[in-house]
Amino acid sequence: ATEPDLRERHVVVTAGGTREPLDPVRFLGNRSSGKQGYALASTAAARGARVTLIAANTSLPDPAGVDVVPVGTAVQLREAVLKAAADADAVVMAAAVADFRPAVYAPGKIKKKDDQDPEPIALIRNPDILAEISADRARPGQVVVGFAAETDNVLVNGRAKLERKGCDLLVVNEVGERKTFGSEENEAVVLGADGSETPVPYGPKEALAETVWNLVARRLS
Ligand code: C5P
């Protein structure tokens, strides 16, 4: 049976992937389905938490008993996270946030011109929301969790990212063919700022979610 160990806690989870518009009909996006974030939200609700799920471009049913805030871009996701995190005990950043966005938004559809090469797309940096909320905790003892998809040197790169971002826990996925994007399963290692390493074997995204909440609940108690 699930312990209600997150009762009286407010947790914020981000899910999905941001879309950065080029013009009214086009965007730069990514393949995140939002399934891991939704699994985190529903398992936290089952453990008694009040859950705010900030959902970037997902097409999944709202989990029962969860407050869902839809967003589109990284800038919108940042606004929603900062607002919800103000009174949160934990923030879990499972969304794939675009690192860059088009420098210019064309208010009319970009047209192709005959016999002309396309203009290059200039990009500018998006704010790093995980680094920002980690550096500037809305309340003392707030637990901040990040996600990272790595293709190689998973543990070394993950540890460096944990330190760079300043979060308490970093869930590191090895990105592979059947893993991670759109699949029902995941395999990961959860790195802790305290030096801990918690491997999570290949299995349902709910199992990884439960491990994350175990580690969060321990830090909150
Ligand atoms: O740097 P990288 O994109 O690999 O980091 C992934 C983690 O950082 C995820 O938890 C993601 O939600 C978060 N992130 C963020 N703001 C960004 C880029 C990533 O909060 N601009």
# chains A, B, ... in the order shown; residues from 1 in each chain; ligands from 1
call {"tool": "residues_around", "arguments": {"residues": "Val12 (chain A)", "least_positions_apart": "6", "cutoff": "8 Å", "atoms": "only C-alpha atoms", "output": "PyMOL selection string"}}
result
chain A and resi 51-54+81+84-85+88+90-92
call {"tool": "residues_around", "arguments": {"residues": "region 72-79 of chain A", "least_positions_apart": "4", "cutoff": "7 Å", "atoms": "only C-alpha atoms", "output": "PDB file with C-alpha atoms, in the first residue's frame"}}
result
ATOM      1  CA  THR A  18       8.419  23.445 -24.592  1.00  0.00           C
ATOM      2  CA  ARG A  19       7.705  24.787 -28.097  1.00  0.00           C
ATOM      3  CA  GLU A  20       9.468  27.922 -29.206  1.00  0.00           C
ATOM      4  CA  ALA A  56       4.072  21.898 -21.683  1.00  0.00           C
ATOM      5  CA  ASN A  57       2.324  20.764 -24.867  1.00  0.00           C
ATOM      6  CA  LYS A  83       4.508  31.222  -9.147  1.00  0.00           C
ATOM      7  CA  VAL A  97      12.859  22.834 -21.690  1.00  0.00           C
ATOM      8  CA  ALA A  98      14.358  24.268 -24.883  1.00  0.00           C
ATOM      9  CA  ASN A 126      16.348  30.606 -22.717  1.00  0.00           C
ATOM     10  CA  ILE A 129      14.835  27.584 -14.765  1.00  0.00           C
TER      11      ILE A 129
END
call {"tool": "closest_atom_pairs", "arguments": {"of": "chain A", "to": "ligand 1", "cutoff": "8 Å", "atoms": "only C-alpha atoms and all ligand atoms", "output": "tab-separated table"}}
result
residue	atom	partner	partner_atom_place_in_ligand_line	distance
A:Thr14	CA	ligand 1	12 (O)	7.2
A:Ala74	CA	ligand 1	21 (N)	6.8
A:Arg78	CA	ligand 1	20 (O)	7.9
A:Val92	CA	ligand 1	10 (O)	7.4
A:Met93	CA	ligand 1	10 (O)	4.3
A:Ala94	CA	ligand 1	12 (O)	5.2
A:Ala95	CA	ligand 1	12 (O)	4.6
A:Ala96	CA	ligand 1	12 (O)	5.1
A:Val97	CA	ligand 1	18 (C)	4.6
A:Ala98	CA	ligand 1	21 (N)	5.7
A:Asp99	CA	ligand 1	21 (N)	4.5
A:Phe100	CA	ligand 1	21 (N)	7.4
A:Arg125	CA	ligand 1	21 (N)	7.6
A:Asn126	CA	ligand 1	21 (N)	5.1
A:Pro127	CA	ligand 1	21 (N)	5.0
A:Asp128	CA	ligand 1	16 (N)	3.6
A:Ile129	CA	ligand 1	20 (O)	3.6
A:Leu130	CA	ligand 1	20 (O)	3.6
A:Ala131	CA	ligand 1	20 (O)	6.5
A:Glu132	CA	ligand 1	20 (O)	7.8
A:Val145	CA	ligand 1	10 (O)	6.9
A:Gly146	CA	ligand 1	10 (O)	3.5
A:Phe147	CA	ligand 1	10 (O)	3.8
A:Ala148	CA	ligand 1	6 (C)	4.6
A:Ala149	CA	ligand 1	4 (O)	6.4
A:Glu150	CA	ligand 1	4 (O)	7.8
A:Lys161	CA	ligand 1	1 (O)	7.2
A:Lys165	CA	ligand 1	8 (O)	7.5
A:Leu170	CA	ligand 1	10 (O)	7.6
call {"tool": "write_last_selection", "arguments": {"atoms": "N, CA and C atoms", "output": "PDB file, in the first residue's frame"}}
result
ATOM      1  N   THR A  14       6.984  19.617 -13.454  1.00  0.00           N
ATOM      2  CA  THR A  14       6.844  20.062 -14.845  1.00  0.00           C
ATOM      3  C   THR A  14       6.911  18.839 -15.750  1.00  0.00           C
ATOM      4  N   ALA A  74       9.255  28.071 -22.994  1.00  0.00           N
ATOM      5  CA  ALA A  74      10.105  28.054 -21.792  1.00  0.00           C
ATOM      6  C   ALA A  74       9.839  29.273 -20.910  1.00  0.00           C
ATOM      7  N   ARG A  78       8.642  29.064 -17.120  1.00  0.00           N
ATOM      8  CA  ARG A  78       9.345  29.729 -16.019  1.00  0.00           C
ATOM      9  C   ARG A  78       8.369  30.507 -15.133  1.00  0.00           C
ATOM     10  N   VAL A  92       9.949  19.372  -9.038  1.00  0.00           N
ATOM     11  CA  VAL A  92      10.570  18.340  -9.874  1.00  0.00           C
ATOM     12  C   VAL A  92      10.438  18.764 -11.335  1.00  0.00           C
ATOM     13  N   MET A  93      11.588  19.017 -11.948  1.00  0.00           N
ATOM     14  CA  MET A  93      11.619  19.569 -13.308  1.00  0.00           C
ATOM     15  C   MET A  93      11.811  18.445 -14.332  1.00  0.00           C
ATOM     16  N   ALA A  94      10.723  17.745 -14.639  1.00  0.00           N
ATOM     17  CA  ALA A  94      10.810  16.644 -15.601  1.00  0.00           C
ATOM     18  C   ALA A  94      10.613  17.104 -17.044  1.00  0.00           C
ATOM     19  N   ALA A  95      10.164  18.334 -17.240  1.00  0.00           N
ATOM     20  CA  ALA A  95       9.922  18.813 -18.612  1.00  0.00           C
ATOM     21  C   ALA A  95      11.228  18.992 -19.372  1.00  0.00           C
ATOM     22  N   ALA A  96      11.167  18.788 -20.676  1.00  0.00           N
ATOM     23  CA  ALA A  96      12.280  19.098 -21.569  1.00  0.00           C
ATOM     24  C   ALA A  96      12.115  20.561 -21.999  1.00  0.00           C
ATOM     25  N   VAL A  97      12.946  21.398 -21.428  1.00  0.00           N
ATOM     26  CA  VAL A  97      12.859  22.834 -21.690  1.00  0.00           C
ATOM     27  C   VAL A  97      13.878  23.176 -22.777  1.00  0.00           C
ATOM     28  N   ALA A  98      13.435  23.895 -23.802  1.00  0.00           N
ATOM     29  CA  ALA A  98      14.358  24.268 -24.883  1.00  0.00           C
ATOM     30  C   ALA A  98      15.460  25.167 -24.331  1.00  0.00           C
ATOM     31  N   ASP A  99      16.696  24.845 -24.662  1.00  0.00           N
ATOM     32  CA  ASP A  99      17.816  25.677 -24.212  1.00  0.00           C
ATOM     33  C   ASP A  99      17.853  27.014 -24.951  1.00  0.00           C
ATOM     34  N   PHE A 100      17.348  26.990 -26.186  1.00  0.00           N
ATOM     35  CA  PHE A 100      17.383  28.201 -27.025  1.00  0.00           C
ATOM     36  C   PHE A 100      16.011  28.448 -27.638  1.00  0.00           C
ATOM     37  N   ARG A 125      19.490  32.337 -25.964  1.00  0.00           N
ATOM     38  CA  ARG A 125      19.361  31.425 -24.822  1.00  0.00           C
ATOM     39  C   ARG A 125      18.037  31.623 -24.104  1.00  0.00           C
ATOM     40  N   ASN A 126      17.462  30.521 -23.652  1.00  0.00           N
ATOM     41  CA  ASN A 126      16.348  30.606 -22.717  1.00  0.00           C
ATOM     42  C   ASN A 126      16.900  30.662 -21.297  1.00  0.00           C
ATOM     43  N   PRO A 127      16.118  31.190 -20.353  1.00  0.00           N
ATOM     44  CA  PRO A 127      16.549  31.126 -18.954  1.00  0.00           C
ATOM     45  C   PRO A 127      16.669  29.671 -18.509  1.00  0.00           C
ATOM     46  N   ASP A 128      17.668  29.372 -17.671  1.00  0.00           N
ATOM     47  CA  ASP A 128      17.788  28.029 -17.081  1.00  0.00           C
ATOM     48  C   ASP A 128      16.988  28.031 -15.782  1.00  0.00           C
ATOM     49  N   ILE A 129      15.792  27.497 -15.876  1.00  0.00           N
ATOM     50  CA  ILE A 129      14.835  27.584 -14.765  1.00  0.00           C
ATOM     51  C   ILE A 129      15.295  26.740 -13.587  1.00  0.00           C
ATOM     52  N   LEU A 130      15.809  25.555 -13.876  1.00  0.00           N
ATOM     53  CA  LEU A 130      16.280  24.663 -12.806  1.00  0.00           C
ATOM     54  C   LEU A 130      17.418  25.316 -12.019  1.00  0.00           C
ATOM     55  N   ALA A 131      18.375  25.908 -12.716  1.00  0.00           N
ATOM     56  CA  ALA A 131      19.487  26.585 -12.036  1.00  0.00           C
ATOM     57  C   ALA A 131      18.974  27.761 -11.218  1.00  0.00           C
ATOM     58  N   GLU A 132      18.012  28.470 -11.771  1.00  0.00           N
ATOM     59  CA  GLU A 132      17.480  29.660 -11.100  1.00  0.00           C
ATOM     60  C   GLU A 132      16.742  29.296  -9.807  1.00  0.00           C
ATOM     61  N   VAL A 145      14.556  18.971  -7.835  1.00  0.00           N
ATOM     62  CA  VAL A 145      14.966  17.785  -8.588  1.00  0.00           C
ATOM     63  C   VAL A 145      15.003  18.115 -10.082  1.00  0.00           C
ATOM     64  N   GLY A 146      16.095  17.759 -10.732  1.00  0.00           N
ATOM     65  CA  GLY A 146      16.203  17.949 -12.177  1.00  0.00           C
ATOM     66  C   GLY A 146      16.273  16.618 -12.896  1.00  0.00           C
ATOM     67  N   PHE A 147      16.092  16.668 -14.198  1.00  0.00           N
ATOM     68  CA  PHE A 147      16.237  15.501 -15.056  1.00  0.00           C
ATOM     69  C   PHE A 147      17.294  15.802 -16.101  1.00  0.00           C
ATOM     70  N   ALA A 148      18.017  14.780 -16.518  1.00  0.00           N
ATOM     71  CA  ALA A 148      18.994  14.986 -17.579  1.00  0.00           C
ATOM     72  C   ALA A 148      19.028  13.750 -18.463  1.00  0.00           C
ATOM     73  N   ALA A 149      18.991  13.969 -19.752  1.00  0.00           N
ATOM     74  CA  ALA A 149      19.145  12.875 -20.711  1.00  0.00           C
ATOM     75  C   ALA A 149      20.562  12.961 -21.257  1.00  0.00           C
ATOM     76  N   GLU A 150      21.292  11.882 -21.106  1.00  0.00           N
ATOM     77  CA  GLU A 150      22.684  11.866 -21.580  1.00  0.00           C
ATOM     78  C   GLU A 150      22.860  10.677 -22.512  1.00  0.00           C
ATOM     79  N   LYS A 161      26.563  18.018 -14.174  1.00  0.00           N
ATOM     80  CA  LYS A 161      25.328  18.799 -14.359  1.00  0.00           C
ATOM     81  C   LYS A 161      24.655  19.100 -13.029  1.00  0.00           C
ATOM     82  N   LYS A 165      23.898  22.883 -11.922  1.00  0.00           N
ATOM     83  CA  LYS A 165      22.515  23.340 -11.716  1.00  0.00           C
ATOM     84  C   LYS A 165      22.245  23.688 -10.255  1.00  0.00           C
ATOM     85  N   LEU A 170      19.378  14.715  -9.169  1.00  0.00           N
ATOM     86  CA  LEU A 170      19.318  14.757 -10.628  1.00  0.00           C
ATOM     87  C   LEU A 170      19.066  13.345 -11.139  1.00  0.00           C
TER      88      LEU A 170
END
call {"tool": "closest_residue", "arguments": {"among": "A:Asp23, A:Glu8, A:Asp152, A:Asp89", "to": "Ala49 (chain A)", "atoms": "only C-alpha atoms"}}
result
A:Glu8
call {"tool": "residues_around", "arguments": {"residues": "Ser33 (chain A)", "least_positions_apart": "3", "cutoff": "9 Å", "atoms": "only C-alpha atoms", "output": "list in words"}}
result
Ala15, Gly16, Gly17, Asn30, Gln36, Gly37, Asn57, Thr58, Ser59, Leu60, Phe181, Gly182 and Ser183 of chain A
call {"tool": "write_last_selection", "arguments": {"atoms": "N, CA and C atoms", "output": "PDB file, in the first residue's frame"}}
result
ATOM      1  N   ALA A  15       6.173  18.906 -16.857  1.00  0.00           N
ATOM      2  CA  ALA A  15       6.100  17.760 -17.766  1.00  0.00           C
ATOM      3  C   ALA A  15       6.004  18.228 -19.208  1.00  0.00           C
ATOM      4  N   GLY A  16       6.395  17.351 -20.114  1.00  0.00           N
ATOM      5  CA  GLY A  16       6.258  17.649 -21.542  1.00  0.00           C
ATOM      6  C   GLY A  16       7.480  18.356 -22.092  1.00  0.00           C
ATOM      7  N   GLY A  17       7.281  19.061 -23.176  1.00  0.00           N
ATOM      8  CA  GLY A  17       8.397  19.747 -23.821  1.00  0.00           C
ATOM      9  C   GLY A  17       7.947  21.110 -24.313  1.00  0.00           C
ATOM     10  N   ASN A  30      10.586  19.458 -29.150  1.00  0.00           N
ATOM     11  CA  ASN A  30      11.322  18.226 -28.847  1.00  0.00           C
ATOM     12  C   ASN A  30      10.341  17.083 -28.662  1.00  0.00           C
ATOM     13  N   GLN A  36       6.643  10.799 -18.101  1.00  0.00           N
ATOM     14  CA  GLN A  36       7.358  10.706 -16.819  1.00  0.00           C
ATOM     15  C   GLN A  36       6.833  11.756 -15.829  1.00  0.00           C
ATOM     16  N   GLY A  37       6.600  12.960 -16.302  1.00  0.00           N
ATOM     17  CA  GLY A  37       6.063  14.008 -15.424  1.00  0.00           C
ATOM     18  C   GLY A  37       4.670  13.669 -14.922  1.00  0.00           C
ATOM     19  N   ASN A  57       2.664  21.397 -23.579  1.00  0.00           N
ATOM     20  CA  ASN A  57       2.324  20.764 -24.867  1.00  0.00           C
ATOM     21  C   ASN A  57       2.133  19.249 -24.776  1.00  0.00           C
ATOM     22  N   THR A  58       1.428  18.818 -23.771  1.00  0.00           N
ATOM     23  CA  THR A  58       1.167  17.386 -23.614  1.00  0.00           C
ATOM     24  C   THR A  58      -0.229  17.075 -24.157  1.00  0.00           C
ATOM     25  N   SER A  59      -0.472  15.808 -24.457  1.00  0.00           N
ATOM     26  CA  SER A  59      -1.830  15.410 -24.851  1.00  0.00           C
ATOM     27  C   SER A  59      -2.217  14.170 -24.068  1.00  0.00           C
ATOM     28  N   LEU A  60      -2.064  14.274 -22.752  1.00  0.00           N
ATOM     29  CA  LEU A  60      -2.383  13.168 -21.853  1.00  0.00           C
ATOM     30  C   LEU A  60      -3.552  13.610 -20.977  1.00  0.00           C
ATOM     31  N   PHE A 181      11.851   8.581 -24.563  1.00  0.00           N
ATOM     32  CA  PHE A 181      10.911   9.445 -25.262  1.00  0.00           C
ATOM     33  C   PHE A 181       9.696   8.683 -25.764  1.00  0.00           C
ATOM     34  N   GLY A 182       8.544   8.977 -25.177  1.00  0.00           N
ATOM     35  CA  GLY A 182       7.288   8.382 -25.626  1.00  0.00           C
ATOM     36  C   GLY A 182       7.070   6.961 -25.146  1.00  0.00           C
ATOM     37  N   SER A 183       8.080   6.358 -24.532  1.00  0.00           N
ATOM     38  CA  SER A 183       7.908   4.968 -24.110  1.00  0.00           C
ATOM     39  C   SER A 183       7.278   4.921 -22.724  1.00  0.00           C
TER      40      SER A 183
END
call {"tool": "residues_around", "arguments": {"residues": "region 102-116 of chain A", "least_positions_apart": "3", "cutoff": "7 Å", "atoms": "only C-alpha atoms", "output": "list in words"}}
result
Glu20, Pro21, Leu22, Asp23, Pro24, Val25, Ile121, Ala122, Leu123 and Ile124 of chain A
call {"tool": "residues_around", "arguments": {"residues": "Leu6 (chain A)", "least_positions_apart": "2", "cutoff": "6 Å", "atoms": "only C-alpha atoms", "output": "compact mmCIF listing (two decimals) with C-alpha atoms, in the first residue's frame"}}
result
# COMPACT_ATOMS: atom_id res chain seq x y z
CA PRO A 4 0.59 9.03 2.53
CA ARG A 9 3.05 18.81 1.16
CA ARG A 47 0.97 9.67 -1.60
CA GLY A 48 -1.17 12.52 -0.28
CA ALA A 49 0.49 15.60 -1.82
call {"tool": "select_by_dssp", "arguments": {"residues": "region 3-148 of chain A", "states": "helix (DSSP H, G or I)", "output": "MDAnalysis selection string"}}
result
chainID A and resid 35:46 74:85 129:135
call {"tool": "write_last_selection", "arguments": {"atoms": "C-alpha atoms", "output": "PDB file, in the first residue's frame"}}
result
ATOM      1  CA  LYS A  35       4.624  10.597 -19.480  1.00  0.00           C
ATOM      2  CA  GLN A  36       7.358  10.706 -16.819  1.00  0.00           C
ATOM      3  CA  GLY A  37       6.063  14.008 -15.424  1.00  0.00           C
ATOM      4  CA  TYR A  38       2.480  12.720 -15.385  1.00  0.00           C
ATOM      5  CA  ALA A  39       3.647   9.560 -13.582  1.00  0.00           C
ATOM      6  CA  LEU A  40       5.385  11.783 -11.003  1.00  0.00           C
ATOM      7  CA  ALA A  41       2.231  13.871 -10.548  1.00  0.00           C
ATOM      8  CA  SER A  42      -0.156  10.947 -10.131  1.00  0.00           C
ATOM      9  CA  THR A  43       2.133   9.042  -7.737  1.00  0.00           C
ATOM     10  CA  ALA A  44       2.635  12.177  -5.604  1.00  0.00           C
ATOM     11  CA  ALA A  45      -1.151  12.674  -5.437  1.00  0.00           C
ATOM     12  CA  ALA A  46      -1.552   9.014  -4.390  1.00  0.00           C
ATOM     13  CA  ALA A  74      10.105  28.054 -21.792  1.00  0.00           C
ATOM     14  CA  VAL A  75       9.372  31.636 -20.747  1.00  0.00           C
ATOM     15  CA  GLN A  76       5.768  30.690 -19.909  1.00  0.00           C
ATOM     16  CA  LEU A  77       6.963  27.578 -18.072  1.00  0.00           C
ATOM     17  CA  ARG A  78       9.345  29.729 -16.019  1.00  0.00           C
ATOM     18  CA  GLU A  79       6.521  32.101 -14.998  1.00  0.00           C
ATOM     19  CA  ALA A  80       4.274  29.188 -13.990  1.00  0.00           C
ATOM     20  CA  VAL A  81       7.049  27.414 -12.038  1.00  0.00           C
ATOM     21  CA  LEU A  82       8.130  30.526 -10.121  1.00  0.00           C
ATOM     22  CA  LYS A  83       4.508  31.222  -9.147  1.00  0.00           C
ATOM     23  CA  ALA A  84       3.736  27.651  -8.058  1.00  0.00           C
ATOM     24  CA  ALA A  85       7.117  27.144  -6.345  1.00  0.00           C
ATOM     25  CA  ILE A 129      14.835  27.584 -14.765  1.00  0.00           C
ATOM     26  CA  LEU A 130      16.280  24.663 -12.806  1.00  0.00           C
ATOM     27  CA  ALA A 131      19.487  26.585 -12.036  1.00  0.00           C
ATOM     28  CA  GLU A 132      17.480  29.660 -11.100  1.00  0.00           C
ATOM     29  CA  ILE A 133      15.094  27.969  -8.639  1.00  0.00           C
ATOM     30  CA  SER A 134      17.974  25.934  -7.168  1.00  0.00           C
ATOM     31  CA  ALA A 135      20.040  29.078  -6.517  1.00  0.00           C
TER      32      ALA A 135
END
call {"tool": "select_by_dssp", "arguments": {"residues": "region 62-214 of chain A", "states": "strand (DSSP E or B)", "output": "PyMOL selection string"}}
result
chain A and resi 67-71+90-93+96+100-102+123-125+143-150+169-174+185-192+197-204
call {"tool": "residues_around", "arguments": {"residues": "Ala207 (chain A)", "least_positions_apart": "6", "cutoff": "9 Å", "atoms": "only C-alpha atoms", "output": "VMD selection string"}}
result
chain A and resid 39 186 200 to 201
call {"tool": "closest_residue", "arguments": {"among": "A:Val69, A:Ala138, A:Val172, A:Ala193", "to": "Leu208 (chain A)", "atoms": "only C-alpha atoms"}}
result
A:Val172
call {"tool": "residues_around", "arguments": {"residues": "Leu220 (chain A)", "least_positions_apart": "4", "cutoff": "9 Å", "atoms": "only C-alpha atoms", "output": "list of chain:residue names"}}
result
A:Asp89, A:Ala90, A:Gly141, A:Gln142, A:Val143, A:Leu215, A:Val216
call {"tool": "write_last_selection", "arguments": {"atoms": "N, CA and C atoms", "output": "PDB file, in the first residue's frame"}}
result
ATOM      1  N   ASP A  89       7.018  22.560  -1.314  1.00  0.00           N
ATOM      2  CA  ASP A  89       8.010  21.799  -0.561  1.00  0.00           C
ATOM      3  C   ASP A  89       9.019  21.141  -1.495  1.00  0.00           C
ATOM      4  N   ALA A  90       8.583  20.852  -2.712  1.00  0.00           N
ATOM      5  CA  ALA A  90       9.483  20.218  -3.682  1.00  0.00           C
ATOM      6  C   ALA A  90       9.099  20.651  -5.087  1.00  0.00           C
ATOM      7  N   GLY A 141      14.794  24.596   2.793  1.00  0.00           N
ATOM      8  CA  GLY A 141      14.541  23.156   2.790  1.00  0.00           C
ATOM      9  C   GLY A 141      13.753  22.665   1.597  1.00  0.00           C
ATOM     10  N   GLN A 142      13.396  23.576   0.704  1.00  0.00           N
ATOM     11  CA  GLN A 142      12.695  23.143  -0.517  1.00  0.00           C
ATOM     12  C   GLN A 142      13.602  22.187  -1.300  1.00  0.00           C
ATOM     13  N   VAL A 143      13.056  21.060  -1.732  1.00  0.00           N
ATOM     14  CA  VAL A 143      13.847  20.064  -2.458  1.00  0.00           C
ATOM     15  C   VAL A 143      13.649  20.271  -3.963  1.00  0.00           C
ATOM     16  N   LEU A 215      13.055   9.523  -2.228  1.00  0.00           N
ATOM     17  CA  LEU A 215      14.243  10.337  -1.941  1.00  0.00           C
ATOM     18  C   LEU A 215      13.853  11.749  -1.503  1.00  0.00           C
ATOM     19  N   VAL A 216      12.797  12.278  -2.112  1.00  0.00           N
ATOM     20  CA  VAL A 216      12.311  13.617  -1.738  1.00  0.00           C
ATOM     21  C   VAL A 216      11.738  13.580  -0.318  1.00  0.00           C
TER      22      VAL A 216
END
call {"tool": "atom_distance", "arguments": {"atom1": "CA of Ala188 (chain A)", "atom2": "CA of Lys205 (chain A)"}}
result
10.1 Å
call {"tool": "closest_residue", "arguments": {"among": "A:Val212, A:Ala64, A:Leu162, A:Leu28", "to": "Arg101 (chain A)", "atoms": "only C-alpha atoms"}}
result
A:Leu28
call {"tool": "closest_residue", "arguments": {"among": "A:Val11, A:Ala160, A:Leu191, A:Val171", "to": "Asp67 (chain A)", "atoms": "only C-alpha atoms"}}
result
A:Val11
call {"tool": "closest_residue", "arguments": {"among": "A:Leu155, A:Asp168, A:Pro199, A:Glu119", "to": "Arg218 (chain A)", "atoms": "only C-alpha atoms"}}
result
A:Asp168
